[in-house]
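Comments concern the structure below.
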Amino acid sequence: MSISRHPPQGTVVIVDDDPLLTSFAKHVLEKQGFLVETCGDGGAALATLSSSLPDVVCVDLGLPDIDGIELIRQLHERYAHLPIVVLTANSRVDAVVAAMRAGAYDYLAKPIDRTALTTTVRNAVERHAMAMRLAQLEREVAGDGYAGIVGDSPAMKAMYRELDQVANTDVTVLIHGESGTGKELVSRALHQHSARRDRPFVALNCAAIPDSLHESELFGHEKGAFTGANQRTAGRFEQAHTGTLFLDEVGELPPALQAKLLRVLQERRFTRVGGAIELHVDIRLIAATHRDLAREVREGRFREDLFFRLAVFELEVPPLRARGEDIPMLARTFLAQFADEFGRTATLSDEAVALLRGHGWPGNVRELQNAVCRAAVAASDGVIRPEHLPARLQRAASDAPNEAPSEGEHEAQGPSADAPGGPACFGATGSLEEAERRAVVDALARGRGNLTQVARDLGIGRTTLYRKLKKFALQ
């Protein structure tokens, strides 16, 4: 693929079994700055779009494995805002009308004119950007969807089902999850889908407050209650009255404060530090922790009665390593946010996606966001490649254990990781290629040879997967 000197104009998937046409269209569009993926049949197109959504897809009506109209219908049902351009040699009006009724945005007659192709694709990309923005605004206005939460992996779908069950209630929720998984986003989603959505949402990170100030932060204080208390100050419970209070890292609360918190949850009454007036509070409480609170209870570090008060409904936010299918989608979401904030667009190369998919992400979504934004800054031509990603990702990939070669493969595999010149001593290109190969091999093992599943797992198209299988002699 040729690289434009300018940021990518958008991503295009061309679905046609005519190699001459796809080669011509790919050349024309890439020359104009678009990123282009080609698919020879409908099955490859569905696999490609299931892992990464382009800005426009061009579909031939005469595909070898599925009727073009049927493919358009399926794509339109799954991706309502995706513009679909029909490529057709059929001049019959009824065929074009059928495609438009199935959900097509526009059509191009074969043989394709390069100017018409560029103009139609550019208009479709602009339409897609506008449609996505409008959809986001509509969700925000209507309160639909879980704003800010991205992912459609099985683990995330299971969490969405639990959110659907508990969001529009006043039930106390305890959110479990590792640091960086997005527990506060989940708490905000619960608030936005509750009857208290128009009331305050107040958050407190219990781990970030010194022990001496915990009580004041939660319940407020009167003037003169302690040195430096120059005026009456409302605490988080008071600020959240009629709304939602989110206590992040609740497992870090000291024992004495755990007892006071339990009393407030039981009686919904409290007094400010240094005060005598008892205040009534109406809140919904959501708490979160990265600790195993049941274990903390068994080991005497957390009150059992408070745990049961908090854990009326427990909800688990999956770590990023358990939802690898979501990594390409998350990464592209962060790139879109980066573009909105800094006015610079960037696109992930297939090799960068493979490296992202192969990382363990101990810092979870927060680590991924930082890595992607760093790469967007480093990618001066707007295309993020492995070398633009943080060095720790490349080191982790190169330090991962190699697969044990079968008998007779040692010479083909080259030197071992422990030998001079092995993967640990590679330059950037060698270690990245080895990391990429391992990612493909692991995906093949997980998918048990199902190439559609392997392509989806890696976040790349089948055409790209075939190239990689050939490149690494894995066919």
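Chain labels run A, B, ... following the order of the structure tokens; each chain numbers its residues from 1, and ligands are numbered from 1 in the order shown.
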Neighbour list for segment 105-107 of chain A as a PDB file with all heavy atoms, in the first residue's frame, cut-off 8 Å, only C-alpha atoms, skip fewer than 2 positions in-chain:
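Wrote it out as result.pdb, contents follow:
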```pdb
ATOM      1  N   PRO A  83     -21.925   3.827   4.903  1.00  0.00           N
ATOM      2  CA  PRO A  83     -22.322   4.034   3.501  1.00  0.00           C
ATOM      3  C   PRO A  83     -21.848   2.862   2.626  1.00  0.00           C
ATOM      4  O   PRO A  83     -20.701   2.432   2.709  1.00  0.00           O
ATOM      5  CB  PRO A  83     -21.597   5.326   3.110  1.00  0.00           C
ATOM      6  CG  PRO A  83     -21.186   5.963   4.394  1.00  0.00           C
ATOM      7  CD  PRO A  83     -20.961   4.836   5.350  1.00  0.00           C
ATOM      8  N   ILE A  84     -22.736   2.354   1.791  1.00  0.00           N
ATOM      9  CA  ILE A  84     -22.433   1.244   0.893  1.00  0.00           C
ATOM     10  C   ILE A  84     -22.588   1.729  -0.540  1.00  0.00           C
ATOM     11  O   ILE A  84     -23.664   2.201  -0.928  1.00  0.00           O
ATOM     12  CB  ILE A  84     -23.376   0.043   1.138  1.00  0.00           C
ATOM     13  CG1 ILE A  84     -23.281  -0.401   2.602  1.00  0.00           C
ATOM     14  CG2 ILE A  84     -23.038  -1.103   0.194  1.00  0.00           C
ATOM     15  CD1 ILE A  84     -24.352  -1.404   2.998  1.00  0.00           C
ATOM     16  N   VAL A  85     -21.517   1.628  -1.314  1.00  0.00           N
ATOM     17  CA  VAL A  85     -21.534   2.025  -2.717  1.00  0.00           C
ATOM     18  C   VAL A  85     -21.585   0.762  -3.573  1.00  0.00           C
ATOM     19  O   VAL A  85     -20.755  -0.132  -3.422  1.00  0.00           O
ATOM     20  CB  VAL A  85     -20.298   2.871  -3.077  1.00  0.00           C
ATOM     21  CG1 VAL A  85     -20.289   3.200  -4.571  1.00  0.00           C
ATOM     22  CG2 VAL A  85     -20.281   4.158  -2.247  1.00  0.00           C
ATOM     23  N   VAL A  86     -22.556   0.695  -4.472  1.00  0.00           N
ATOM     24  CA  VAL A  86     -22.726  -0.478  -5.324  1.00  0.00           C
ATOM     25  C   VAL A  86     -21.840  -0.353  -6.556  1.00  0.00           C
ATOM     26  O   VAL A  86     -21.779   0.693  -7.199  1.00  0.00           O
ATOM     27  CB  VAL A  86     -24.201  -0.616  -5.758  1.00  0.00           C
ATOM     28  CG1 VAL A  86     -24.372  -1.787  -6.714  1.00  0.00           C
ATOM     29  CG2 VAL A  86     -25.090  -0.785  -4.534  1.00  0.00           C
ATOM     30  N   LEU A  87     -21.134  -1.436  -6.878  1.00  0.00           N
ATOM     31  CA  LEU A  87     -20.371  -1.533  -8.121  1.00  0.00           C
ATOM     32  C   LEU A  87     -21.119  -2.504  -9.027  1.00  0.00           C
ATOM     33  O   LEU A  87     -21.286  -3.672  -8.673  1.00  0.00           O
ATOM     34  CB  LEU A  87     -18.960  -2.053  -7.850  1.00  0.00           C
ATOM     35  CG  LEU A  87     -18.143  -1.307  -6.782  1.00  0.00           C
ATOM     36  CD1 LEU A  87     -16.802  -1.996  -6.575  1.00  0.00           C
ATOM     37  CD2 LEU A  87     -17.940   0.145  -7.170  1.00  0.00           C
ATOM     38  N   THR A  88     -21.581  -2.026 -10.168  1.00  0.00           N
ATOM     39  CA  THR A  88     -22.414  -2.900 -10.990  1.00  0.00           C
ATOM     40  C   THR A  88     -22.176  -2.695 -12.473  1.00  0.00           C
ATOM     41  O   THR A  88     -21.997  -1.569 -12.940  1.00  0.00           O
ATOM     42  CB  THR A  88     -23.908  -2.681 -10.674  1.00  0.00           C
ATOM     43  OG1 THR A  88     -24.693  -3.514 -11.522  1.00  0.00           O
ATOM     44  CG2 THR A  88     -24.310  -1.229 -10.897  1.00  0.00           C
ATOM     45  N   VAL A  96     -30.438  -1.655  -9.579  1.00  0.00           N
ATOM     46  CA  VAL A  96     -29.935  -0.536  -8.786  1.00  0.00           C
ATOM     47  C   VAL A  96     -30.957  -0.146  -7.724  1.00  0.00           C
ATOM     48  O   VAL A  96     -30.606   0.106  -6.555  1.00  0.00           O
ATOM     49  CB  VAL A  96     -29.618   0.666  -9.694  1.00  0.00           C
ATOM     50  CG1 VAL A  96     -29.221   1.875  -8.843  1.00  0.00           C
ATOM     51  CG2 VAL A  96     -28.509   0.315 -10.667  1.00  0.00           C
ATOM     52  N   MET A 100     -30.524  -0.053  -3.628  1.00  0.00           N
ATOM     53  CA  MET A 100     -30.784   1.134  -2.809  1.00  0.00           C
ATOM     54  C   MET A 100     -31.802   0.805  -1.712  1.00  0.00           C
ATOM     55  O   MET A 100     -31.667   1.264  -0.572  1.00  0.00           O
ATOM     56  CB  MET A 100     -31.300   2.273  -3.684  1.00  0.00           C
ATOM     57  CG  MET A 100     -30.369   2.643  -4.835  1.00  0.00           C
ATOM     58  SD  MET A 100     -28.716   3.183  -4.326  1.00  0.00           S
ATOM     59  CE  MET A 100     -29.009   4.913  -4.010  1.00  0.00           C
ATOM     60  N   GLY A 103     -30.303  -0.855   1.223  1.00  0.00           N
ATOM     61  CA  GLY A 103     -29.504  -0.019   2.118  1.00  0.00           C
ATOM     62  C   GLY A 103     -28.315   0.653   1.483  1.00  0.00           C
ATOM     63  O   GLY A 103     -27.519   1.286   2.183  1.00  0.00           O
ATOM     64  N   ALA A 109     -21.287   2.650 -12.007  1.00  0.00           N
ATOM     65  CA  ALA A 109     -21.413   1.720 -13.127  1.00  0.00           C
ATOM     66  C   ALA A 109     -20.036   1.329 -13.638  1.00  0.00           C
ATOM     67  O   ALA A 109     -19.118   2.146 -13.692  1.00  0.00           O
ATOM     68  CB  ALA A 109     -22.239   2.351 -14.244  1.00  0.00           C
ATOM     69  N   THR A 120     -17.333   9.942  -5.356  1.00  0.00           N
ATOM     70  CA  THR A 120     -18.360   9.182  -4.637  1.00  0.00           C
ATOM     71  C   THR A 120     -17.847   8.691  -3.296  1.00  0.00           C
ATOM     72  O   THR A 120     -18.548   8.784  -2.272  1.00  0.00           O
ATOM     73  CB  THR A 120     -18.822   7.983  -5.489  1.00  0.00           C
ATOM     74  OG1 THR A 120     -19.342   8.468  -6.733  1.00  0.00           O
ATOM     75  CG2 THR A 120     -19.903   7.196  -4.770  1.00  0.00           C
ATOM     76  N   ALA A 124     -19.072   9.756   0.448  1.00  0.00           N
ATOM     77  CA  ALA A 124     -19.542   8.722   1.369  1.00  0.00           C
ATOM     78  C   ALA A 124     -18.810   8.802   2.708  1.00  0.00           C
ATOM     79  O   ALA A 124     -19.417   8.622   3.770  1.00  0.00           O
ATOM     80  CB  ALA A 124     -19.351   7.345   0.742  1.00  0.00           C
TER      81      ALA A 124
END
```
Excluding Ala207 of chain A and residues on its chain fewer than 6 positions from it, collect all residues at most 10 Å away from it, counting only C-alpha atoms, and give them as a ChimeraX atom specification.
/A:214,247-253,289
What's the 10 Å shell around Leu356 of chain A, counting only C-alpha atoms, without same-chain residues fewer than 2 positions away, as a count of residues only?
25
Would you kindly return, as an NGL selection string, each protein, DNA or RNA residue with an atom no farther than 10 Å from any atom of Asn370 of chain A, considering only C-alpha atoms and excluding same-chain residues fewer than 5 positions away?
:A and (331 or 334 or 363 or 365 or 375-376 or 389-390)
Test item: residues at most 12 Å from Lys260 of chain A, only C-alpha atoms, excluding those fewer than 3 positions along its chain, as a PyMOL selection string
chain A and resi 214-216+218-219+253-257+263-273+303+305-306
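You can rank A:Ala158, A:Ala473, A:Val166, A:Ala346 by their closest distance to Glu316 of chain A using only C-alpha atoms, and at the top of that list sits A:Ala158.
Take atom CA of Leu213 of chain A and atom CA of Val281 of chain A: the distance between them is 20.4 Å.
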With the cut-off set at 9 Å and counting only C-alpha atoms, tabulate each residue of segment 326-365 of chain A with an atom at most that distance from an atom of segment 30-51 of chain A, showing the nearest atom pair and its distance in Å to one decimal, ordered by chain and increasing number, as a Markdown table.
```
| residue | atom | partner | partner_atom | distance |
| --- | --- | --- | --- | --- |
| A:Asp326 | CA | A:Ser51 | CA | 8.3 |
| A:Pro328 | CA | A:Ser51 | CA | 7.2 |
| A:Met329 | CA | A:Ser51 | CA | 7.7 |
| A:Thr347 | CA | A:Leu35 | CA | 8.5 |
```
Put those residues in a file: N, CA, C and O atoms, as a PDB file, in the first residue's frame.
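Saved as again_0.pdb:
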```
ATOM      1  N   ASP A 326     -11.979  -6.460  21.414  1.00  0.00           N
ATOM      2  CA  ASP A 326     -12.354  -5.045  21.489  1.00  0.00           C
ATOM      3  C   ASP A 326     -11.182  -4.094  21.270  1.00  0.00           C
ATOM      4  O   ASP A 326     -11.387  -2.885  21.135  1.00  0.00           O
ATOM      5  N   PRO A 328      -8.991  -3.410  18.722  1.00  0.00           N
ATOM      6  CA  PRO A 328      -9.006  -2.520  17.554  1.00  0.00           C
ATOM      7  C   PRO A 328     -10.066  -1.424  17.654  1.00  0.00           C
ATOM      8  O   PRO A 328      -9.812  -0.260  17.320  1.00  0.00           O
ATOM      9  N   MET A 329     -11.255  -1.774  18.140  1.00  0.00           N
ATOM     10  CA  MET A 329     -12.336  -0.804  18.275  1.00  0.00           C
ATOM     11  C   MET A 329     -11.975   0.280  19.298  1.00  0.00           C
ATOM     12  O   MET A 329     -12.189   1.476  19.071  1.00  0.00           O
ATOM     13  N   THR A 347      -4.346   6.592  11.508  1.00  0.00           N
ATOM     14  CA  THR A 347      -4.933   5.286  11.242  1.00  0.00           C
ATOM     15  C   THR A 347      -3.944   4.205  11.641  1.00  0.00           C
ATOM     16  O   THR A 347      -2.734   4.363  11.472  1.00  0.00           O
TER      17      THR A 347
END
```
Restricting to only C-alpha atoms, whichever of A:Val440, A:Val317, A:Ala455, A:Ala339 is closest to Ala155 of chain A is A:Val317
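Pairwise distance (atom CA of Thr333 of chain A, atom CA of Ala445 of chain A) equals 28.4 Å.
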Atomic separation - atom CA of Leu279 of chain A relative to atom CA of Phe226 of chain A, Å
20.0 Å
Would you list, as a ChimeraX atom specification, the residues of segment 168-325 of chain A that end up in strand (DSSP E) under DSSP run on this structure's backbone?
/A:173-176,201-205,244-248,269-271,278-280,284-289,313-316
Restricting it to N, CA, C and O atoms, dump the selection as a short mmCIF file (atom, residue, chain, number, x, y, z; two decimals), in the first residue's frame.
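Writing done, so here's out_18.cif:
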```
data_model
loop_
_atom_site.label_atom_id
_atom_site.label_comp_id
_atom_site.auth_asym_id
_atom_site.auth_seq_id
_atom_site.Cartn_x
_atom_site.Cartn_y
_atom_site.Cartn_z
N VAL A 173 -24.57 -0.93 44.19
CA VAL A 173 -23.77 -1.78 43.30
C VAL A 173 -22.32 -1.74 43.73
O VAL A 173 -21.77 -0.66 44.01
N LEU A 174 -21.68 -2.90 43.77
CA LEU A 174 -20.24 -2.99 44.02
C LEU A 174 -19.58 -3.45 42.72
O LEU A 174 -19.84 -4.55 42.23
N ILE A 175 -18.72 -2.59 42.16
CA ILE A 175 -18.06 -2.87 40.89
C ILE A 175 -16.66 -3.40 41.17
O ILE A 175 -15.86 -2.75 41.85
N HIS A 176 -16.38 -4.59 40.66
CA HIS A 176 -15.04 -5.17 40.78
C HIS A 176 -14.30 -4.97 39.46
O HIS A 176 -14.89 -4.99 38.38
N PHE A 201 -24.03 13.63 40.17
CA PHE A 201 -23.17 12.44 40.25
C PHE A 201 -21.88 12.90 40.91
O PHE A 201 -21.16 13.77 40.38
N VAL A 202 -21.56 12.35 42.06
CA VAL A 202 -20.39 12.79 42.84
C VAL A 202 -19.46 11.59 43.04
O VAL A 202 -19.91 10.52 43.47
N ALA A 203 -18.19 11.78 42.71
CA ALA A 203 -17.22 10.70 42.81
C ALA A 203 -16.12 11.04 43.80
O ALA A 203 -15.69 12.21 43.90
N LEU A 204 -15.66 10.04 44.52
CA LEU A 204 -14.55 10.19 45.45
C LEU A 204 -13.65 8.98 45.34
O LEU A 204 -14.11 7.84 45.49
N ASN A 205 -12.35 9.22 45.10
CA ASN A 205 -11.36 8.15 45.09
C ASN A 205 -10.82 8.00 46.51
O ASN A 205 -10.03 8.82 46.97
N THR A 244 -26.33 10.37 42.87
CA THR A 244 -25.52 9.15 43.00
C THR A 244 -24.16 9.49 43.59
O THR A 244 -23.51 10.45 43.15
N LEU A 245 -23.73 8.71 44.56
CA LEU A 245 -22.38 8.85 45.13
C LEU A 245 -21.57 7.64 44.72
O LEU A 245 -21.97 6.49 44.95
N PHE A 246 -20.42 7.89 44.11
CA PHE A 246 -19.52 6.82 43.68
C PHE A 246 -18.27 6.85 44.53
O PHE A 246 -17.52 7.83 44.52
N LEU A 247 -18.03 5.77 45.26
CA LEU A 247 -16.83 5.64 46.08
C LEU A 247 -15.89 4.66 45.40
O LEU A 247 -16.08 3.44 45.44
N ASP A 248 -14.87 5.20 44.75
CA ASP A 248 -13.88 4.37 44.07
C ASP A 248 -12.84 3.89 45.07
O ASP A 248 -12.49 4.61 46.01
N ARG A 269 -28.45 8.85 57.60
CA ARG A 269 -28.28 10.08 58.39
C ARG A 269 -26.82 10.21 58.79
O ARG A 269 -26.13 9.22 58.99
N PHE A 270 -26.34 11.46 58.93
CA PHE A 270 -24.97 11.71 59.34
C PHE A 270 -24.87 13.12 59.90
O PHE A 270 -25.79 13.93 59.74
N THR A 271 -23.76 13.40 60.54
CA THR A 271 -23.46 14.76 60.99
C THR A 271 -22.11 15.17 60.43
O THR A 271 -21.23 14.34 60.23
N GLU A 278 -28.07 16.58 62.81
CA GLU A 278 -28.12 15.35 62.02
C GLU A 278 -28.80 15.64 60.68
O GLU A 278 -29.89 16.21 60.64
N LEU A 279 -28.14 15.26 59.60
CA LEU A 279 -28.65 15.51 58.25
C LEU A 279 -29.14 14.22 57.62
O LEU A 279 -28.51 13.17 57.76
N HIS A 280 -30.26 14.33 56.94
CA HIS A 280 -30.80 13.18 56.21
C HIS A 280 -30.30 13.22 54.77
O HIS A 280 -30.23 14.31 54.17
N ARG A 284 -28.10 7.23 45.91
CA ARG A 284 -27.81 5.87 45.48
C ARG A 284 -26.30 5.70 45.57
O ARG A 284 -25.54 6.53 45.04
N LEU A 285 -25.84 4.64 46.20
CA LEU A 285 -24.41 4.42 46.37
C LEU A 285 -23.91 3.38 45.39
O LEU A 285 -24.49 2.30 45.24
N ILE A 286 -22.80 3.72 44.72
CA ILE A 286 -22.06 2.78 43.88
C ILE A 286 -20.63 2.78 44.38
O ILE A 286 -20.03 3.85 44.56
N ALA A 287 -20.09 1.62 44.64
CA ALA A 287 -18.71 1.51 45.12
C ALA A 287 -17.92 0.66 44.14
O ALA A 287 -18.47 -0.14 43.38
N ALA A 288 -16.60 0.84 44.15
CA ALA A 288 -15.72 0.06 43.26
C ALA A 288 -14.43 -0.27 43.99
O ALA A 288 -14.00 0.45 44.89
N THR A 289 -13.81 -1.36 43.57
CA THR A 289 -12.55 -1.78 44.16
C THR A 289 -11.80 -2.69 43.22
O THR A 289 -12.41 -3.41 42.43
N PHE A 313 -25.59 -5.85 44.69
CA PHE A 313 -25.47 -6.33 43.31
C PHE A 313 -24.01 -6.14 42.92
O PHE A 313 -23.49 -5.02 42.91
N GLU A 314 -23.32 -7.24 42.62
CA GLU A 314 -21.91 -7.18 42.25
C GLU A 314 -21.77 -7.25 40.73
O GLU A 314 -22.46 -8.02 40.06
N LEU A 315 -20.87 -6.43 40.22
CA LEU A 315 -20.68 -6.32 38.77
C LEU A 315 -19.19 -6.34 38.49
O LEU A 315 -18.42 -5.61 39.11
N GLU A 316 -18.79 -7.19 37.55
CA GLU A 316 -17.36 -7.36 37.21
C GLU A 316 -17.06 -6.67 35.89
O GLU A 316 -17.71 -6.94 34.88
#
```
Those in segment 196-270 of chain A with helix (DSSP H, G or I) from DSSP, as number ranges by chain
A: 206-208, 211-219, 236-239, 250-252, 255-267
Extract, using only C-alpha atoms, all DNA, RNA and protein residues at most 12 Å from Asn168 of chain A, discarding same-chain residues fewer than 2 positions from it, and format them as a PyMOL selection string.
chain A and resi 143+162-166+170-173+189-197+284
Surrounding residues of Ile283 of chain A excluding itself and chain neighbours under 2 positions, 6 Å, only C-alpha atoms, as an MDAnalysis selection string:
chainID A and resid 241:244
